[in-house]
Amino acid sequence: MVPLPVANNFDALNAKLLDGCIKQSQAKLRGQTETIAERMKRDTAALMVLPAVVFDACHKISTRISSLSLVRYRTNDYSVPTQYGHREVLVKGYVDHVDICLGAEIIARHKRSYSREEFIYNPLHYLALLEQKPRAFDQAAPLQDWVLPEVFDRLRRLLEVRMERRGRKEYIQVLRLLENFTQTQVEHAVKQAIGLGVIGFDAIKHLILCAIEWRPVKLNL
């Protein structure tokens with residue numbers, strides 16, 4: 001490719017390459033009376049039909065999940081949900097992301113890292129285990145760089161004041177709502193719960209479901 005193409009992202013690069021192909025298709029090479037596009041039509045007619053399944057453009061390796069719920073790919077370790085520990089999986093390395101598959105199911109997806117010996121965690125993968133061991137919550141390495149809105153810290157303080165030891169486990173249960181709902185949905189419900197004075201997992205989940213289903217909130221016990 002001369003000159004070397006420059007683009008801000010892959011979408012912009014693809015658009016530039018497509019535009020170049022369209023312009024080139026109208027050219028006539030030396031000794032030819034037809035354009036490249038016209039000659040391409042004849043070539044296309046002679047080609048084999050496309051495969052029924054689209055080519056999966058990735059590098060694949062089979063490996064085993066470690067006891068720490070990590071899978072190693074190209075010197076880096078990527079997390080998977082803790083319930084899949086010690087299972088055989090297929091890792092698919094794409095240009096921009098890594099998929100970890102168990103059978104036909106994608107059990108984890110991460111942005112691909114091109115560094116070396118790096119740990120790439122998804123904190124949600126470890127919440128189910130931490131719910132059973134809430135004392136390990138503050139020391140858990142996968143959660144150290146997890147930045148959540150300030151309202152989540154406020155919720156935790158309120159829960160621990162009201163419920164003491166039980167409060168931390170209740171807080172982890174609230175965080176597990178992020179497994180099935182967006183952060184925006186959970187954050188909004190937490191703010192509502194604090195404003196209404198109904199601090200707890202059940203109330204927050206109820207508020208989320210009411211918002212999704214467009215039905216009135218019923219918190220009168």
# chains A, B, ... in the order shown; residues from 1 in each chain; ligands from 1
>>> residues_around(residues="Val190 (chain A)", least_positions_apart="5", cutoff="8 Å", atoms="only C-alpha atoms", output="list in words")
Val151, Phe152, Leu155 and Ile204 of chain A
>>> residues_around(residues="region 171-187 of chain A", least_positions_apart="5", cutoff="6 Å", atoms="only C-alpha atoms", output="ChimeraX atom specification")
/A:131,156,201
>>> select_by_dssp(residues="region 1-103 of chain A", states="strand (DSSP E or B)", output="MDAnalysis selection string")
chainID A and resid 59:64 70:73 76:79 88:93 97:102
>>> atom_distance(atom1="CA of Arg166 (chain A)", atom2="CA of Ala128 (chain A)")
15.7 Å
>>> residues_around(residues="Arg109 (chain A)", least_positions_apart="6", cutoff="9 Å", atoms="only C-alpha atoms", output="list in words")
Tyr78, Ser79, Val80, His97, Val98, Asp99, Ile100 and Cys101 of chain A
>>> write_last_selection(atoms="all heavy atoms", output="compact mmCIF listing (two decimals), in the first residue's frame")
# COMPACT_ATOMS: atom_id res chain seq x y z
N TYR A 78 -6.56 -13.87 31.04
CA TYR A 78 -7.89 -13.27 30.95
C TYR A 78 -8.84 -14.03 31.88
O TYR A 78 -8.80 -15.25 31.96
CB TYR A 78 -8.42 -13.35 29.51
CG TYR A 78 -7.58 -12.58 28.50
CD1 TYR A 78 -6.46 -13.17 27.90
CD2 TYR A 78 -7.91 -11.29 28.14
CE1 TYR A 78 -5.70 -12.47 26.98
CE2 TYR A 78 -7.16 -10.58 27.21
CZ TYR A 78 -6.05 -11.18 26.63
OH TYR A 78 -5.30 -10.48 25.71
N SER A 79 -9.72 -13.29 32.56
CA SER A 79 -10.61 -13.91 33.54
C SER A 79 -11.84 -14.53 32.88
O SER A 79 -12.27 -14.12 31.80
CB SER A 79 -11.05 -12.88 34.58
OG SER A 79 -11.92 -11.92 33.99
N VAL A 80 -12.41 -15.52 33.58
CA VAL A 80 -13.69 -16.14 33.21
C VAL A 80 -14.50 -16.28 34.50
O VAL A 80 -13.94 -16.24 35.60
CB VAL A 80 -13.50 -17.52 32.55
CG1 VAL A 80 -12.70 -17.41 31.26
CG2 VAL A 80 -12.83 -18.50 33.51
N HIS A 97 -10.27 -8.14 20.19
CA HIS A 97 -10.83 -8.75 21.40
C HIS A 97 -10.50 -10.24 21.47
O HIS A 97 -10.06 -10.83 20.49
CB HIS A 97 -12.34 -8.53 21.48
CG HIS A 97 -13.13 -9.28 20.45
ND1 HIS A 97 -13.31 -8.83 19.16
CD2 HIS A 97 -13.78 -10.49 20.50
CE1 HIS A 97 -14.05 -9.68 18.47
NE2 HIS A 97 -14.34 -10.71 19.26
N VAL A 98 -10.74 -10.82 22.64
CA VAL A 98 -10.49 -12.24 22.88
C VAL A 98 -11.78 -12.86 23.39
O VAL A 98 -12.38 -12.36 24.35
CB VAL A 98 -9.36 -12.45 23.90
CG1 VAL A 98 -9.23 -13.92 24.28
CG2 VAL A 98 -8.04 -11.93 23.35
N ASP A 99 -12.22 -13.94 22.74
CA ASP A 99 -13.39 -14.68 23.19
C ASP A 99 -12.94 -16.00 23.81
O ASP A 99 -12.05 -16.68 23.27
CB ASP A 99 -14.33 -15.00 22.02
CG ASP A 99 -15.14 -13.79 21.60
OD1 ASP A 99 -15.15 -12.79 22.33
OD2 ASP A 99 -15.77 -13.84 20.51
N ILE A 100 -13.55 -16.37 24.93
CA ILE A 100 -13.27 -17.65 25.57
C ILE A 100 -14.56 -18.47 25.51
O ILE A 100 -15.59 -18.04 26.02
CB ILE A 100 -12.81 -17.45 27.03
CG1 ILE A 100 -11.55 -16.56 27.04
CG2 ILE A 100 -12.52 -18.79 27.69
CD1 ILE A 100 -11.16 -16.06 28.42
N CYS A 101 -14.49 -19.61 24.84
CA CYS A 101 -15.69 -20.39 24.53
C CYS A 101 -15.67 -21.75 25.20
O CYS A 101 -14.64 -22.43 25.22
CB CYS A 101 -15.82 -20.58 23.01
SG CYS A 101 -15.72 -19.04 22.07
>>> residues_around(residues="region 35-40 of chain A", least_positions_apart="6", cutoff="6 Å", atoms="only C-alpha atoms", output="VMD selection string")
chain A and resid 25 to 28
>>> atom_distance(atom1="CA of His59 (chain A)", atom2="CA of Gly93 (chain A)")
5.0 Å
>>> select_by_dssp(residues="chain A", states="alpha helix (DSSP H)", output="PyMOL selection string")
chain A and resi 10-25+36-46+127-132+150-163+165-175+183-196+201-213
>>> closest_residue(among="A:Met163, A:Val217, A:Ala141, A:Leu129", to="Gly85 (chain A)", atoms="only C-alpha atoms")
A:Leu129
>>> residues_around(residues="Gly103 (chain A)", least_positions_apart="4", cutoff="10 Å", atoms="only C-alpha atoms", output="mmCIF file with C-alpha atoms, in the first residue's frame")
data_model
loop_
_atom_site.group_PDB
_atom_site.id
_atom_site.type_symbol
_atom_site.label_atom_id
_atom_site.label_comp_id
_atom_site.auth_asym_id
_atom_site.auth_seq_id
_atom_site.Cartn_x
_atom_site.Cartn_y
_atom_site.Cartn_z
ATOM 1 C CA GLU A 88 -11.296 -27.121 28.878
ATOM 2 C CA VAL A 89 -12.053 -24.097 26.680
ATOM 3 C CA LEU A 90 -11.362 -22.713 23.213
ATOM 4 C CA ILE A 107 -18.390 -17.465 28.507
#
